[in-house]
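This report refers to the structure that appears directly beneath it.
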Amino acid sequence: MRRALRQHLTSRRAALAPLEARPTLLIMHMKTLMFPAVLAALLAACATPPQSSPGALYDGNSARVRASVVAPDWTSLRAKLGSALRNVPGVELGEAGVGGLKLQIPVSDGFASGKADMRPSLVRTLDTLAPLLAAEPEAAVQVVGHTDSQGSEMHNLQLSIARAEAVAEYLRSRGIDLARLSADGRGEADPLTSNAQESGRARNRRVEIILRPMP
């Protein structure tokens, strides 16, 4: 009797075993089905480039690159500067080229003697110049100061730098982005003519504004 009962229980467990294993098999089957779908979604997310902001570009590898920059039309800008500054005495405007152009402004009457304080005549010139430069955001603006040979070389170098910085700061206050501006001074090192006469010294006292494409 006991043997028969034992055999019956053993047979019963064998019959129920496939049913007990079904939840585990079902879960394993669902994981098998879900894995390719999840993997595909992850790969798709990785392959999708980020949303671009206005003006941004992406190369074939979805790496962000700078938008194309249009260089200033130097010939057109030179014509505008020449027209705007035609009544300013002594201004010299260089030829326009691929690398930009250069503008020379005499400052014999533009600064107080031996100082970097701008006088009204130079301020008026810069007020005329600033809107044209502000309209060319892809043009870098370098201001270079020059002096005559009166005084020591060190004093003249420091004075030329201070004057260039004063001009650059004024242009910044008139709407030129600081990132576009730089200032330097050469002192008496680059005269246009001899310093032997006052007329020559007056011509050598100047500020150059050099316009180049932004790097």
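Ordering of the structure tokens sets the chain letters (A, B, ...); residue numbers start at 1 within each chain; ligands are numbered from 1 in the order shown.
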message = Residues of segment 74-180 of chain A classed as strand (DSSP E) by DSSP on the backbone are to be reported as a ChimeraX atom specification.
response = /A:92-93,101-106,139-146
Restrict the calculation to only C-alpha atoms, then for each residue of segment 108-146 of chain A with any atom at most 10 Å from an atom of segment 150-169 of chain A give the closest atom pair and their distance in Å to one decimal, rows by chain and rising residue number, as JSON lines.
{"residue": "A:Gly110", "atom": "CA", "partner": "A:Arg163", "partner_atom": "CA", "distance": 9.9}
{"residue": "A:Phe111", "atom": "CA", "partner": "A:Arg163", "partner_atom": "CA", "distance": 8.1}
{"residue": "A:Gly114", "atom": "CA", "partner": "A:Leu159", "partner_atom": "CA", "distance": 7.1}
{"residue": "A:Lys115", "atom": "CA", "partner": "A:Leu159", "partner_atom": "CA", "distance": 6.8}
{"residue": "A:Ala116", "atom": "CA", "partner": "A:Arg163", "partner_atom": "CA", "distance": 4.7}
{"residue": "A:Asp117", "atom": "CA", "partner": "A:Ala166", "partner_atom": "CA", "distance": 7.6}
{"residue": "A:Met118", "atom": "CA", "partner": "A:Ala166", "partner_atom": "CA", "distance": 7.7}
{"residue": "A:Leu122", "atom": "CA", "partner": "A:Val167", "partner_atom": "CA", "distance": 9.0}
{"residue": "A:Val123", "atom": "CA", "partner": "A:Val167", "partner_atom": "CA", "distance": 8.8}
{"residue": "A:Leu126", "atom": "CA", "partner": "A:Val167", "partner_atom": "CA", "distance": 8.0}
{"residue": "A:Val141", "atom": "CA", "partner": "A:Ala168", "partner_atom": "CA", "distance": 8.5}
{"residue": "A:Gln142", "atom": "CA", "partner": "A:Ala168", "partner_atom": "CA", "distance": 8.1}
{"residue": "A:Val143", "atom": "CA", "partner": "A:Ala164", "partner_atom": "CA", "distance": 5.5}
{"residue": "A:Val144", "atom": "CA", "partner": "A:Ala164", "partner_atom": "CA", "distance": 5.5}
{"residue": "A:Gly145", "atom": "CA", "partner": "A:Ser160", "partner_atom": "CA", "distance": 4.4}
{"residue": "A:His146", "atom": "CA", "partner": "A:Ser160", "partner_atom": "CA", "distance": 5.2}
For the selection just defined, write its residues with C-alpha atoms to a file, as a PDB file, in the first residue's frame.
ATOM      1  CA  GLY A 110      44.079 113.689 -31.067  1.00  0.00           C
ATOM      2  CA  PHE A 111      45.769 113.301 -27.677  1.00  0.00           C
ATOM      3  CA  GLY A 114      52.562 113.086 -23.674  1.00  0.00           C
ATOM      4  CA  LYS A 115      49.284 111.570 -22.496  1.00  0.00           C
ATOM      5  CA  ALA A 116      46.650 109.039 -23.568  1.00  0.00           C
ATOM      6  CA  ASP A 117      43.662 111.321 -22.992  1.00  0.00           C
ATOM      7  CA  MET A 118      41.696 111.617 -26.240  1.00  0.00           C
ATOM      8  CA  LEU A 122      39.874 112.048 -32.332  1.00  0.00           C
ATOM      9  CA  VAL A 123      36.621 111.144 -30.589  1.00  0.00           C
ATOM     10  CA  LEU A 126      36.172 107.275 -33.934  1.00  0.00           C
ATOM     11  CA  VAL A 141      40.313  95.140 -35.251  1.00  0.00           C
ATOM     12  CA  GLN A 142      43.902  95.719 -34.134  1.00  0.00           C
ATOM     13  CA  VAL A 143      44.851  99.176 -32.878  1.00  0.00           C
ATOM     14  CA  VAL A 144      48.564 100.059 -33.008  1.00  0.00           C
ATOM     15  CA  GLY A 145      49.939 103.269 -31.516  1.00  0.00           C
ATOM     16  CA  HIS A 146      53.005 105.168 -32.801  1.00  0.00           C
TER      17      HIS A 146
END
ask   = Looking at only C-alpha atoms, which of A:Gly90, A:Leu192, A:Ala140, A:Glu198 is the one that sits closest to Arg180 of chain A?
value =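 Checking each of A:Gly90, A:Leu192, A:Ala140, A:Glu198 against Arg180 of chain A, counting only C-alpha atoms, the winner is A:Ala140.
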ask   = From the list A:Arg203, A:Asp184, A:Pro215, A:Tyr170, which residue is nearest Pro89 of chain A when using only C-alpha atoms?
value =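 Distance minimum relative to Pro89 of chain A lands on A:Arg203.
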message = Neighbouring residues of Glu95 of chain A were defined as those with any atom within 10 Å, considering only C-alpha atoms; residues of the same chain fewer than 3 positions away were excluded. Please report them as a ChimeraX atom specification.
response = /A:74-75,78,92,100-103
request  = Using atom CA of Val207 of chain A and atom CA of Asn195 of chain A as the two end points, give the distance in Å to one decimal.
outcome  =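 One can read the atom CA of Val207 of chain A to atom CA of Asn195 of chain A distance as 16.6 Å.
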